[in-house]
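upload01.txt (compact mmCIF, C-alpha atoms) appears below.
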```txt
# COMPACT_ATOMS: atom_id res chain seq x y z
CA MET A 1 -32.38 -29.86 -48.80
CA THR A 2 -31.51 -27.61 -45.90
CA THR A 3 -31.26 -23.88 -46.31
CA GLN A 4 -28.37 -22.17 -44.62
CA GLN A 5 -29.17 -19.04 -42.73
CA PRO A 6 -27.16 -15.95 -43.70
CA VAL A 7 -24.35 -15.19 -41.30
CA ASP A 8 -24.07 -11.63 -40.06
CA ALA A 9 -20.39 -10.78 -40.31
CA GLN A 10 -20.88 -7.97 -37.83
CA ALA A 11 -22.52 -10.13 -35.15
CA PRO A 12 -20.24 -10.70 -32.16
CA THR A 13 -19.08 -14.19 -31.38
CA PRO A 14 -19.91 -15.73 -27.97
CA VAL A 15 -16.40 -14.94 -26.75
CA GLU A 16 -16.73 -11.31 -27.88
CA THR A 17 -20.12 -11.09 -26.18
CA ILE A 18 -18.64 -12.31 -22.89
CA GLU A 19 -15.76 -9.84 -23.17
CA LEU A 20 -18.20 -7.01 -23.89
CA GLU A 21 -20.28 -7.93 -20.83
CA ARG A 22 -17.15 -8.02 -18.68
CA ALA A 23 -16.09 -4.62 -19.99
CA VAL A 24 -19.46 -3.14 -19.06
CA VAL A 25 -19.28 -4.65 -15.58
CA LYS A 26 -15.76 -3.32 -15.06
CA HIS A 27 -16.93 0.11 -16.18
CA TRP A 28 -19.07 0.38 -13.03
CA LYS A 29 -16.13 0.05 -10.66
CA ALA A 30 -15.03 3.67 -10.92
CA PRO A 31 -18.50 5.19 -10.24
CA ILE A 32 -18.93 2.95 -7.19
CA SER A 33 -15.50 4.00 -5.92
CA TYR A 34 -16.38 7.67 -6.44
CA ALA A 35 -19.64 7.15 -4.56
CA VAL A 36 -17.83 5.57 -1.60
CA LEU A 37 -15.30 8.40 -1.42
CA THR A 38 -18.07 10.99 -1.70
CA LEU A 39 -19.83 9.32 1.23
CA VAL A 40 -16.58 9.43 3.22
CA ALA A 41 -16.21 13.13 2.38
CA LEU A 42 -19.81 13.77 3.46
CA ILE A 43 -19.24 12.13 6.84
CA LEU A 44 -15.88 13.81 7.48
CA MET A 45 -16.45 17.28 6.10
CA VAL A 46 -20.15 17.84 6.75
CA VAL A 47 -21.48 15.48 9.44
CA LEU A 48 -18.25 15.67 11.46
CA GLY A 49 -17.34 19.08 10.06
CA ARG A 50 -15.15 21.44 12.06
CA ASP A 51 -15.45 25.17 12.63
CA GLY A 52 -12.63 27.57 11.91
CA ASP A 53 -10.51 28.51 8.92
CA ALA A 54 -7.68 26.55 7.34
CA THR A 55 -4.92 28.80 6.03
CA LEU A 56 -2.96 27.41 3.10
CA ARG A 57 0.43 29.15 2.88
CA LEU A 58 1.22 29.26 -0.84
CA ALA A 59 4.38 31.40 -0.79
CA SER A 60 7.81 30.66 0.60
CA ARG A 61 10.94 32.70 1.15
CA GLY A 62 12.89 33.33 -2.04
CA ASP A 63 9.96 33.12 -4.48
CA LEU A 64 10.08 35.35 -7.54
CA PHE A 65 6.73 36.80 -6.52
CA ALA A 66 4.46 36.34 -3.53
CA LEU A 67 1.14 34.51 -3.59
CA PRO A 68 -1.51 35.44 -1.02
CA ASP A 69 -2.54 32.85 1.55
CA ALA A 70 -5.67 30.88 0.73
CA VAL A 71 -8.08 30.98 3.68
CA LEU A 72 -10.68 28.23 3.52
CA PRO A 73 -13.56 28.11 6.04
CA ALA A 74 -13.65 24.46 6.98
CA ARG A 75 -17.36 23.65 7.07
CA PRO A 76 -18.51 25.71 4.03
CA THR A 77 -15.58 24.43 1.98
CA GLY A 78 -16.47 20.88 2.93
CA ILE A 79 -20.08 21.39 1.84
CA VAL A 80 -19.04 22.83 -1.54
CA VAL A 81 -16.50 20.04 -2.08
CA VAL A 82 -19.06 17.33 -1.27
CA ILE A 83 -21.55 18.87 -3.73
CA LEU A 84 -18.92 18.95 -6.48
CA LEU A 85 -17.82 15.38 -5.68
CA ALA A 86 -21.44 14.25 -5.86
CA ALA A 87 -21.79 15.94 -9.26
CA LEU A 88 -18.67 14.21 -10.58
CA THR A 89 -19.94 10.90 -9.20
CA ALA A 90 -23.27 11.38 -10.99
CA LEU A 91 -21.38 12.20 -14.19
CA SER A 92 -19.37 9.01 -13.77
CA PHE A 93 -22.54 6.93 -13.32
CA TRP A 94 -24.04 8.55 -16.43
CA ALA A 95 -20.91 7.72 -18.41
CA ALA A 96 -21.03 4.12 -17.18
CA ALA A 97 -24.73 3.77 -18.04
CA THR A 98 -24.19 5.10 -21.57
CA VAL A 99 -20.88 3.22 -22.00
CA ARG A 100 -18.84 6.39 -22.46
CA ARG A 101 -15.32 7.19 -21.34
CA LEU A 102 -14.63 10.57 -19.81
CA GLY A 103 -10.83 10.43 -19.82
CA ILE A 104 -8.19 10.85 -17.15
CA TRP A 105 -9.35 14.34 -16.15
CA LEU A 106 -12.19 13.01 -13.98
CA PRO A 107 -10.08 11.12 -11.37
CA ILE A 108 -7.55 13.99 -11.33
CA VAL A 109 -10.20 16.64 -10.63
CA PHE A 110 -11.96 14.35 -8.16
CA GLY A 111 -8.71 13.73 -6.29
CA LEU A 112 -7.77 17.42 -6.16
CA LEU A 113 -11.19 18.38 -4.81
CA PHE A 114 -11.03 15.65 -2.18
CA VAL A 115 -7.55 16.81 -1.09
CA ILE A 116 -8.71 20.44 -0.83
CA GLY A 117 -11.69 19.45 1.27
CA PHE A 118 -9.58 17.18 3.44
CA LEU A 119 -6.97 19.90 4.02
CA SER A 120 -9.64 22.44 4.96
CA TRP A 121 -11.17 19.98 7.43
CA SER A 122 -7.96 18.61 8.97
CA GLY A 123 -6.24 22.02 9.10
CA ALA A 124 -9.10 24.02 10.59
CA GLY A 125 -7.66 26.68 12.89
CA ALA A 126 -4.10 26.12 11.67
CA MET A 127 -1.73 27.09 8.88
CA ILE A 128 -0.56 24.48 6.34
CA PRO A 129 2.63 25.32 4.36
CA ILE A 130 1.78 23.96 0.91
CA ALA A 131 5.25 24.70 -0.51
CA GLY A 132 6.82 22.71 2.34
CA LEU A 133 4.29 19.93 1.82
CA LEU A 134 5.24 19.67 -1.86
CA PHE A 135 8.97 19.77 -1.05
CA ALA A 136 8.53 16.91 1.42
CA THR A 137 6.44 15.01 -1.15
CA VAL A 138 9.26 15.07 -3.70
CA GLY A 139 11.86 14.12 -1.08
CA LEU A 140 9.85 11.18 0.22
CA SER A 141 8.99 10.02 -3.31
CA VAL A 142 12.54 9.84 -4.73
CA PRO A 143 13.47 6.37 -3.38
CA LEU A 144 9.99 5.11 -4.22
CA ILE A 145 10.32 6.31 -7.81
CA PHE A 146 13.75 4.72 -8.32
CA GLY A 147 12.52 1.50 -6.71
CA ALA A 148 9.42 1.52 -8.91
CA MET A 149 11.54 2.04 -12.04
CA GLY A 150 13.59 -0.99 -11.06
CA GLY A 151 10.40 -2.96 -10.55
CA VAL A 152 9.01 -1.91 -13.95
CA ILE A 153 12.17 -2.95 -15.83
CA SER A 154 12.50 -6.26 -14.00
CA GLU A 155 8.87 -7.29 -14.34
CA ARG A 156 8.69 -6.19 -17.96
CA ALA A 157 11.57 -8.64 -18.45
CA GLY A 158 9.51 -11.40 -16.82
CA VAL A 159 11.04 -11.51 -13.32
CA VAL A 160 8.98 -10.51 -10.28
CA ASN A 161 11.10 -8.09 -8.27
CA ILE A 162 10.07 -8.55 -4.64
CA ALA A 163 13.67 -7.72 -3.67
CA ILE A 164 13.35 -3.95 -4.20
CA GLU A 165 13.61 -3.52 -0.43
CA ALA A 166 16.93 -5.40 -0.39
CA GLN A 167 18.26 -3.35 -3.30
CA LEU A 168 17.38 -0.07 -1.58
CA LEU A 169 18.86 -1.17 1.74
CA GLY A 170 22.03 -2.63 0.21
CA GLY A 171 22.55 0.52 -1.83
CA ALA A 172 22.04 2.77 1.19
CA PHE A 173 24.56 0.84 3.32
CA THR A 174 27.22 0.55 0.62
CA GLY A 175 26.83 4.15 -0.47
CA ALA A 176 27.38 5.42 3.08
CA VAL A 177 30.44 3.27 3.74
CA VAL A 178 32.14 3.89 0.39
CA ALA A 179 31.45 7.64 0.45
CA SER A 180 32.81 7.85 4.00
CA THR A 181 35.92 5.86 3.10
CA THR A 182 36.77 7.63 -0.15
CA GLY A 183 35.47 11.08 0.75
CA SER A 184 33.59 11.23 -2.57
CA THR A 185 29.80 11.22 -2.70
CA ILE A 186 29.84 10.46 -6.44
CA VAL A 187 31.87 7.30 -5.82
CA GLY A 188 29.40 6.46 -3.06
CA VAL A 189 26.48 6.78 -5.48
CA LEU A 190 28.20 4.50 -8.00
CA ALA A 191 28.99 1.97 -5.26
CA ALA A 192 25.33 1.98 -4.18
CA MET A 193 24.30 1.19 -7.75
CA VAL A 194 26.83 -1.66 -7.95
CA ALA A 195 25.70 -3.13 -4.62
CA ALA A 196 22.04 -3.09 -5.64
CA ALA A 197 22.95 -4.58 -9.02
CA LEU A 198 24.73 -7.45 -7.24
CA VAL A 199 21.59 -8.13 -5.21
CA SER A 200 19.63 -8.22 -8.47
CA MET A 201 22.18 -10.61 -9.96
CA VAL A 202 21.53 -13.06 -7.13
CA LEU A 203 17.79 -12.77 -7.83
CA ALA A 204 18.42 -13.27 -11.55
CA VAL A 205 20.68 -16.32 -11.10
CA PHE A 206 18.23 -18.20 -8.89
CA ALA A 207 15.12 -17.14 -10.81
CA ILE A 208 16.44 -17.48 -14.38
CA ARG A 209 19.17 -20.12 -14.16
CA TYR A 210 17.84 -22.43 -11.43
CA PHE A 211 14.08 -21.72 -11.84
CA VAL A 212 13.53 -21.06 -8.13
CA GLU A 213 10.20 -19.45 -7.22
CA GLN A 214 10.84 -15.75 -7.74
CA VAL A 215 8.69 -14.45 -4.91
CA ILE A 216 10.46 -16.72 -2.42
CA VAL A 217 13.90 -15.63 -3.67
CA GLY A 218 12.90 -11.99 -3.32
CA VAL A 219 11.62 -12.42 0.21
CA VAL A 220 14.75 -14.34 1.22
CA LEU A 221 16.96 -11.60 -0.21
CA ASN A 222 15.03 -8.96 1.73
CA VAL A 223 15.52 -10.87 4.96
CA LEU A 224 19.17 -11.62 4.17
CA ILE A 225 20.16 -8.03 3.35
CA THR A 226 18.22 -6.69 6.33
CA GLY A 227 20.01 -9.07 8.70
CA LEU A 228 23.40 -8.52 7.09
CA THR A 229 23.22 -4.72 7.22
CA ASN A 230 21.94 -4.84 10.81
CA PHE A 231 24.87 -7.05 11.80
CA LEU A 232 27.45 -4.87 10.03
CA TYR A 233 25.92 -1.72 11.48
CA SER A 234 26.10 -3.08 15.04
CA SER A 235 29.52 -4.73 14.75
CA VAL A 236 31.36 -2.33 12.42
CA LEU A 237 29.72 1.06 11.98
CA THR A 238 28.83 1.57 15.65
CA ASP A 239 32.48 1.14 16.70
CA ASN A 240 33.83 3.06 13.71
CA PRO A 241 31.64 6.14 13.20
CA ALA A 242 34.09 7.46 10.59
CA LEU A 243 32.81 4.74 8.26
CA ASN A 244 29.29 6.14 8.56
CA SER A 245 29.85 9.87 8.15
CA PRO A 246 29.45 10.59 4.45
CA GLU A 247 29.15 14.10 3.12
CA ARG A 248 25.73 14.90 1.76
CA LEU A 249 25.24 15.71 -1.88
CA PRO A 250 24.96 19.49 -2.17
CA LYS A 251 21.75 21.17 -3.24
CA LEU A 252 22.08 22.66 -6.70
CA PRO A 253 19.40 25.31 -7.13
CA ILE A 254 18.54 26.16 -10.73
CA PRO A 255 18.42 29.95 -11.13
CA ILE A 256 15.02 31.51 -11.85
CA LEU A 257 13.25 28.13 -11.86
CA GLU A 258 13.82 27.70 -8.12
CA GLY A 259 11.89 30.94 -7.54
CA ILE A 260 8.64 29.69 -9.09
CA PRO A 261 6.03 29.74 -6.30
CA LEU A 262 5.01 26.33 -4.89
CA LEU A 263 6.81 24.14 -7.45
CA GLY A 264 10.17 25.92 -7.66
CA PRO A 265 11.68 24.86 -4.31
CA ALA A 266 10.23 21.35 -4.58
CA LEU A 267 11.52 20.63 -8.09
CA PHE A 268 14.48 22.90 -8.73
CA ARG A 269 16.25 23.18 -5.38
CA GLN A 270 17.46 19.59 -5.20
CA SER A 271 20.57 17.44 -5.45
CA ILE A 272 22.00 15.72 -8.49
CA ILE A 273 20.19 12.45 -7.67
CA VAL A 274 16.80 14.17 -7.94
CA TYR A 275 17.78 15.86 -11.18
CA ALA A 276 18.94 12.46 -12.47
CA MET A 277 15.47 11.15 -11.68
CA TYR A 278 13.95 13.79 -13.97
CA ILE A 279 16.02 12.32 -16.81
CA ILE A 280 15.90 8.61 -15.98
CA VAL A 281 12.12 8.24 -15.73
CA PRO A 282 11.27 9.69 -19.18
CA LEU A 283 14.33 7.93 -20.61
CA ILE A 284 13.03 4.56 -19.41
CA ALA A 285 9.54 5.36 -20.73
CA TRP A 286 10.94 6.36 -24.12
CA GLY A 287 13.26 3.38 -24.30
CA LEU A 288 10.56 0.93 -23.27
CA PHE A 289 8.13 1.90 -26.02
CA LYS A 290 10.23 3.57 -28.72
CA THR A 291 13.45 1.54 -29.04
CA THR A 292 14.55 -1.94 -30.05
CA TRP A 293 15.71 -2.56 -26.49
CA GLY A 294 12.22 -1.83 -25.18
CA LEU A 295 10.54 -3.97 -27.83
CA ARG A 296 12.72 -6.94 -26.96
CA LEU A 297 12.28 -6.33 -23.24
CA ARG A 298 8.51 -6.33 -23.54
CA ALA A 299 8.63 -9.38 -25.82
CA ILE A 300 10.52 -11.54 -23.32
CA GLY A 301 8.09 -10.47 -20.61
CA GLU A 302 4.96 -11.18 -22.63
CA HIS A 303 5.85 -14.16 -24.84
CA PRO A 304 9.42 -15.41 -24.39
CA LEU A 305 8.91 -18.39 -26.72
CA ALA A 306 7.95 -16.12 -29.61
CA ALA A 307 10.94 -13.89 -28.82
CA ASP A 308 13.22 -16.92 -28.80
CA THR A 309 11.99 -18.08 -32.19
CA VAL A 310 13.10 -14.81 -33.80
CA GLY A 311 16.60 -15.07 -32.34
CA ILE A 312 16.33 -13.07 -29.11
CA LYS A 313 18.48 -14.52 -26.31
CA VAL A 314 15.76 -14.62 -23.66
CA THR A 315 17.87 -15.84 -20.73
CA ARG A 316 20.74 -13.44 -21.35
CA LEU A 317 18.44 -10.44 -21.93
CA ARG A 318 16.45 -11.18 -18.78
CA PHE A 319 19.60 -11.47 -16.69
CA TRP A 320 21.10 -8.15 -17.77
CA ASN A 321 17.81 -6.25 -17.54
CA VAL A 322 17.19 -7.51 -14.02
CA THR A 323 20.73 -6.35 -13.19
CA LEU A 324 19.96 -2.94 -14.73
CA ALA A 325 16.79 -2.77 -12.65
CA GLY A 326 18.85 -3.24 -9.49
CA ALA A 327 21.29 -0.51 -10.48
CA VAL A 328 18.40 1.95 -10.97
CA ALA A 329 16.93 0.99 -7.60
CA GLY A 330 20.37 1.50 -6.07
CA LEU A 331 20.08 5.22 -6.81
CA GLY A 332 17.12 5.26 -4.44
CA GLY A 333 19.26 3.59 -1.79
CA ALA A 334 22.02 6.16 -2.27
CA TYR A 335 19.44 8.93 -1.77
CA PHE A 336 18.78 7.73 1.79
CA THR A 337 22.33 8.07 3.06
CA LEU A 338 23.91 10.61 0.72
CA ASP A 339 21.06 13.10 0.48
CA SER A 340 18.13 12.60 2.84
CA ASN A 341 19.53 11.25 6.14
CA GLY A 342 23.29 11.70 5.81
CA ALA A 343 24.14 8.40 7.55
CA PHE A 344 23.05 4.77 7.59
CA THR A 345 20.69 3.53 10.30
CA ARG A 346 19.19 0.12 10.95
CA GLU A 347 16.37 -0.80 8.54
CA MET A 348 16.17 2.79 7.36
CA THR A 349 14.17 1.87 4.25
CA ALA A 350 11.27 0.87 6.55
CA GLY A 351 9.43 -1.24 3.98
CA LEU A 352 9.49 1.38 1.22
CA GLY A 353 10.56 -1.31 -1.23
CA TYR A 354 7.16 -2.94 -0.85
CA ILE A 355 5.41 0.40 -1.40
CA ALA A 356 7.53 0.85 -4.55
CA LEU A 357 6.29 -2.55 -5.70
CA ALA A 358 2.73 -1.39 -5.01
CA ALA A 359 3.45 1.68 -7.15
CA VAL A 360 4.47 -0.63 -10.00
CA ILE A 361 1.11 -2.43 -9.79
CA PHE A 362 -0.81 0.82 -9.30
CA GLY A 363 0.97 2.27 -12.34
CA GLN A 364 0.13 -0.75 -14.49
CA TRP A 365 3.81 -1.50 -15.15
CA HIS A 366 4.23 1.81 -17.00
CA PRO A 367 7.15 4.10 -15.96
CA ILE A 368 5.21 7.39 -15.98
CA LYS A 369 2.17 5.95 -14.23
CA ALA A 370 4.37 4.22 -11.66
CA MET A 371 6.12 7.54 -10.98
CA ALA A 372 2.73 9.20 -10.46
CA ALA A 373 1.75 6.44 -8.05
CA ALA A 374 5.01 6.87 -6.12
CA LEU A 375 4.38 10.63 -5.90
CA LEU A 376 0.91 9.92 -4.54
CA PHE A 377 2.36 7.66 -1.84
CA GLY A 378 5.01 10.27 -1.06
CA PHE A 379 2.28 12.90 -0.75
CA ALA A 380 0.39 10.71 1.72
CA SER A 381 3.52 10.34 3.87
CA ALA A 382 4.31 14.06 3.68
CA LEU A 383 0.74 14.91 4.59
CA GLN A 384 0.96 12.64 7.62
CA GLN A 385 4.05 14.51 8.84
CA THR A 386 2.52 17.93 8.13
CA LEU A 387 -0.74 17.17 9.91
CA GLY A 388 1.18 15.82 12.89
CA ALA A 389 3.20 19.05 13.05
CA ILE A 390 0.10 21.30 13.08
CA GLY A 391 -1.73 19.17 15.66
CA SER A 392 -4.46 17.86 13.38
CA PRO A 393 -7.03 15.48 14.94
CA VAL A 394 -6.42 12.93 12.17
CA PRO A 395 -4.73 9.88 13.75
CA SER A 396 -1.21 9.39 12.45
CA GLU A 397 -1.87 5.65 12.20
CA PHE A 398 -4.60 6.35 9.64
CA MET A 399 -2.23 8.45 7.53
CA LEU A 400 0.38 5.68 7.61
CA MET A 401 -2.30 3.31 6.30
CA LEU A 402 -3.26 5.70 3.51
CA PRO A 403 -0.78 4.52 0.83
CA TYR A 404 -2.05 0.96 1.13
CA ILE A 405 -5.70 2.06 1.16
CA ILE A 406 -5.04 4.09 -1.99
CA THR A 407 -3.46 1.04 -3.63
CA ILE A 408 -6.49 -1.13 -2.90
CA LEU A 409 -8.94 1.51 -4.13
CA ALA A 410 -6.90 2.21 -7.24
CA VAL A 411 -6.47 -1.41 -8.28
CA ALA A 412 -10.08 -2.28 -7.45
CA GLY A 413 -11.75 0.82 -8.83
CA PHE A 414 -10.02 3.79 -10.34
CA ILE A 415 -7.79 1.98 -12.81
CA GLY A 416 -9.93 -1.13 -13.23
CA GLN A 417 -8.09 -4.29 -14.15
CA SER A 418 -4.34 -4.20 -13.61
CA ARG A 419 -2.67 -6.87 -15.76
CA ALA A 420 0.94 -7.83 -15.26
CA PRO A 421 3.16 -8.88 -18.19
CA ALA A 422 1.95 -12.31 -19.23
CA ALA A 423 5.23 -14.13 -18.55
CA SER A 424 6.10 -12.26 -15.34
CA GLY A 425 7.05 -14.73 -12.63
CA LYS A 426 7.16 -17.68 -15.04
CA PRO A 427 10.56 -19.30 -15.66
CA TYR A 428 11.45 -19.82 -19.30
CA ILE A 429 12.83 -23.23 -20.22
CA LYS A 430 14.34 -23.22 -23.71
CA GLN A 431 12.54 -25.64 -25.97
```
Give the structure from the file, written as structure tokens.
Amino acid sequence: MTTQQPVDAQAPTPVETIELERAVVKHWKAPISYAVLTLVALILMVVLGRDGDATLRLASRGDLFALPDAVLPARPTGIVVVILLAALTALSFWAAATVRRLGIWLPIVFGLLFVIGFLSWSGAGAMIPIAGLLFATVGLSVPLIFGAMGGVISERAGVVNIAIEAQLLGGAFTGAVVASTTGSTIVGVLAAMVAAALVSMVLAVFAIRYFVEQVIVGVVLNVLITGLTNFLYSSVLTDNPALNSPERLPKLPIPILEGIPLLGPALFRQSIIVYAMYIIVPLIAWGLFKTTWGLRLRAIGEHPLAADTVGIKVTRLRFWNVTLAGAVAGLGGAYFTLDSNGAFTREMTAGLGYIALAAVIFGQWHPIKAMAAALLFGFASALQQTLGAIGSPVPSEFMLMLPYIITILAVAGFIGQSRAPAASGKPYIKQ
């Protein structure tokens, strides 16, 4: 007679053991990334350190109260920053070795220290207007944020939205023409949303109804809208400048709040589109995780068959949510012509739709995280412009590469594994 060995109910199964080992391996990615960035900081700020002081202008005209300039000696500041970065890196390695989690504060503090050290090194002997840098960051981030919100909604519904670029460009063109024709910027904004929604409808029809590869449809739409707007710009708008002269949305400063040093001008001296962004982003986040609409949206993006079995109309819900995603992205297109530039120009989105898509991945398909990623990319672009204006030795080509470098580092290290909705990009055929 054989004797059965007692089974330990607490012992992990082989699958659980493998998952635990993978989790431990993934936990080392962040410390290694911190170590690489600390080494970069050591080379830039200490080995290749510069002499002179970097003056950070913290106050701007119209502030409620003045803040003194922050004067940072480049080389000593770089040394202190590298020491602190090394300490945070050691703390990260300790946390990884003991399988502990330190929370979100570590990458935030690490990033702020790195930015301070970089500004002191790149701005040695010059003055950097921080309030202006933040104002430019918000301005450059607005179309990225709206595009990223469109990407989050669409991909949560199970459709890969490569066509964000087309939605931004179509919205920018339509908004400029309609606003110029009607003389109303509000009508122009609504027209931009409709145009971008129509682009999304084309994506939805081919991806959901005819099961065409979604990435290919998105790329084709980007090429199509780029060519179409270029043709109409050359053949229509160039000969009829009155069709491309929309009035800009007025700035609507919020009393008292606009006078807050540093953040006031950047956040509270903006147009209605920017203020709408402050409402739309948290509204999408709340709706996605706290409402029936969000539950159904996430269900059709994760497991459409299960959603179908409980009576959810998967095809219909996907179609209308992809359309909604395009309308949200259209607000970003309207921002180009009715707020930022004031007129339509050829290919004025300049690939920002793809950066918005990167923000979606960086933000792990979460509205708030995607907004933070878009702000980071906007900051990189604003920093490139600011450093070029002060004559910094940092090559502008490197700064233009920075958003993509940040994306690679973030996906590979800082945020670990980035998992898309399980059914994203997969057509659903009703059983």
Radius query 12 Å about (21.1, 7.7, -14.8), atoms used: only C-alpha atoms, as an MDAnalysis selection string: chainID A and resid 146 149 189:190 193 272:284 324:325 327:332
Keeping only C-alpha atoms, write the selected residues as an mmCIF file, in the frame of the given file.
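Full text of again-v3.cif as output:
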```cif
data_model
loop_
_atom_site.group_PDB
_atom_site.id
_atom_site.type_symbol
_atom_site.label_atom_id
_atom_site.label_comp_id
_atom_site.auth_asym_id
_atom_site.auth_seq_id
_atom_site.Cartn_x
_atom_site.Cartn_y
_atom_site.Cartn_z
ATOM 1 C CA PHE A 146 13.750 4.720 -8.320
ATOM 2 C CA MET A 149 11.540 2.040 -12.040
ATOM 3 C CA VAL A 189 26.480 6.780 -5.480
ATOM 4 C CA LEU A 190 28.200 4.500 -8.000
ATOM 5 C CA MET A 193 24.300 1.190 -7.750
ATOM 6 C CA ILE A 272 22.000 15.720 -8.490
ATOM 7 C CA ILE A 273 20.190 12.450 -7.670
ATOM 8 C CA VAL A 274 16.800 14.170 -7.940
ATOM 9 C CA TYR A 275 17.780 15.860 -11.180
ATOM 10 C CA ALA A 276 18.940 12.460 -12.470
ATOM 11 C CA MET A 277 15.470 11.150 -11.680
ATOM 12 C CA TYR A 278 13.950 13.790 -13.970
ATOM 13 C CA ILE A 279 16.020 12.320 -16.810
ATOM 14 C CA ILE A 280 15.900 8.610 -15.980
ATOM 15 C CA VAL A 281 12.120 8.240 -15.730
ATOM 16 C CA PRO A 282 11.270 9.690 -19.180
ATOM 17 C CA LEU A 283 14.330 7.930 -20.610
ATOM 18 C CA ILE A 284 13.030 4.560 -19.410
ATOM 19 C CA LEU A 324 19.960 -2.940 -14.730
ATOM 20 C CA ALA A 325 16.790 -2.770 -12.650
ATOM 21 C CA ALA A 327 21.290 -0.510 -10.480
ATOM 22 C CA VAL A 328 18.400 1.950 -10.970
ATOM 23 C CA ALA A 329 16.930 0.990 -7.600
ATOM 24 C CA GLY A 330 20.370 1.500 -6.070
ATOM 25 C CA LEU A 331 20.080 5.220 -6.810
ATOM 26 C CA GLY A 332 17.120 5.260 -4.440
#
```
Sorted by chain and rising residue number, which residues of stretch 143-197 of chain A lie within 12 Å of stretch 304-309 of chain A, and what are their closest atom pairs and distances in Å to one decimal, counting only C-alpha atoms, as a tab-separated table?
```
residue	atom	partner	partner_atom	distance
A:Arg156	CA	A:Pro304	CA	11.3
A:Ala157	CA	A:Pro304	CA	9.3
A:Gly158	CA	A:Pro304	CA	8.6
A:Val159	CA	A:Pro304	CA	11.8
```
- prompt: So how many Å separate atom CA of A:Phe268 and atom CA of A:Pro253, to one decimal?
  reply: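 According to the coordinates, atom CA of A:Phe268 and atom CA of A:Pro253 are separated by 5.7 Å.
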Top pick for closest residue to A:Leu144, considering A:Ala423, A:Leu56, A:Ala95, A:Leu357 and counting only C-alpha atoms: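 Once distances to A:Leu144 are computed over only C-alpha atoms, the minimum belongs to A:Leu357.
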- prompt: How many Å lie between atom CA of A:Met201 and atom CA of A:Gly150, rounded to one decimal?
  reply: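 Between atom CA of A:Met201 and atom CA of A:Gly150 the gap works out to 12.9 Å.
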- prompt: Rounded to one decimal in Å, what is the spacing between atom CA of A:Ser154 and atom CA of A:Ala207?
  reply: 11.6 Å
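With only C-alpha atoms as the basis for measurement, A:Leu64 is the residue among A:Val178, A:Ile43, A:Leu64, A:Ala35 that approaches A:Gly259 most closely.
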field: Pick from A:Ala176, A:Ile32, A:Ala266, A:Ala124, whichever lies nearest to A:Arg75 using all atoms listed in the file
entry: A:Ala124
- prompt: Using only C-alpha atoms, can you list as an MDAnalysis selection string the residues within 6 Å of (14.0, -2.8, -5.8)?
  reply: chainID A and resid 147 150:151 163:165 167 329 353
message: Calculated over all atoms listed in the file, which of the candidates A:Pro261, A:Gly125, A:Gly139, A:Gly183 has the smallest distance to A:Ala382?
response: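 Nearest to A:Ala382: A:Gly139.
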- prompt: Pick the closest to A:Thr229 from A:Gly170, A:Pro241, A:Gly52, A:Pro395: which is it, counting only C-alpha atoms?
  reply: A:Gly170
- request: Have a look at A:Val219, A:Leu112, A:Ala87, A:Val310 and name the one nearest to A:Thr38; count only C-alpha atoms.
  value: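 Looking at the shortest contact to A:Thr38, the residue is A:Ala87.
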task: Find the residues near A:Leu72: any atom within 10 Å, counting only C-alpha atoms, skip ones fewer than 5 places away on the same chain, and give them as a list in words.
output: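 Final neighbour list, sorted by chain and number: Gly52, Asp53, Ala54, Thr55, Leu56, Thr77, Gly78, Ile116, Gly117, Leu119, Ser120, Trp121, Gly123, Ala124 and Gly125 of chain A.
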What are the centre and the three edge lengths of an axis-aligned box that wraps all atoms of stretch 79-88 of chain A in the file, given that 4 Å is added to every side, written as JSON and rounded to one decimal in Å?
```
{"center_x": -19.1, "center_y": 18.5, "center_z": -4.4, "size_x": 13.3, "size_y": 16.6, "size_z": 20.4}
```
message: Can you tell me which residues surround A:Ala373 at a distance of at most 12 Å, considering all atoms listed in the file, apart from same-chain residues fewer than 2 positions away, and format the answer as number ranges by chain?
response: A: 137, 141-142, 144-145, 147-149, 355-371, 375-380, 403-404, 406-407, 410-411, 415
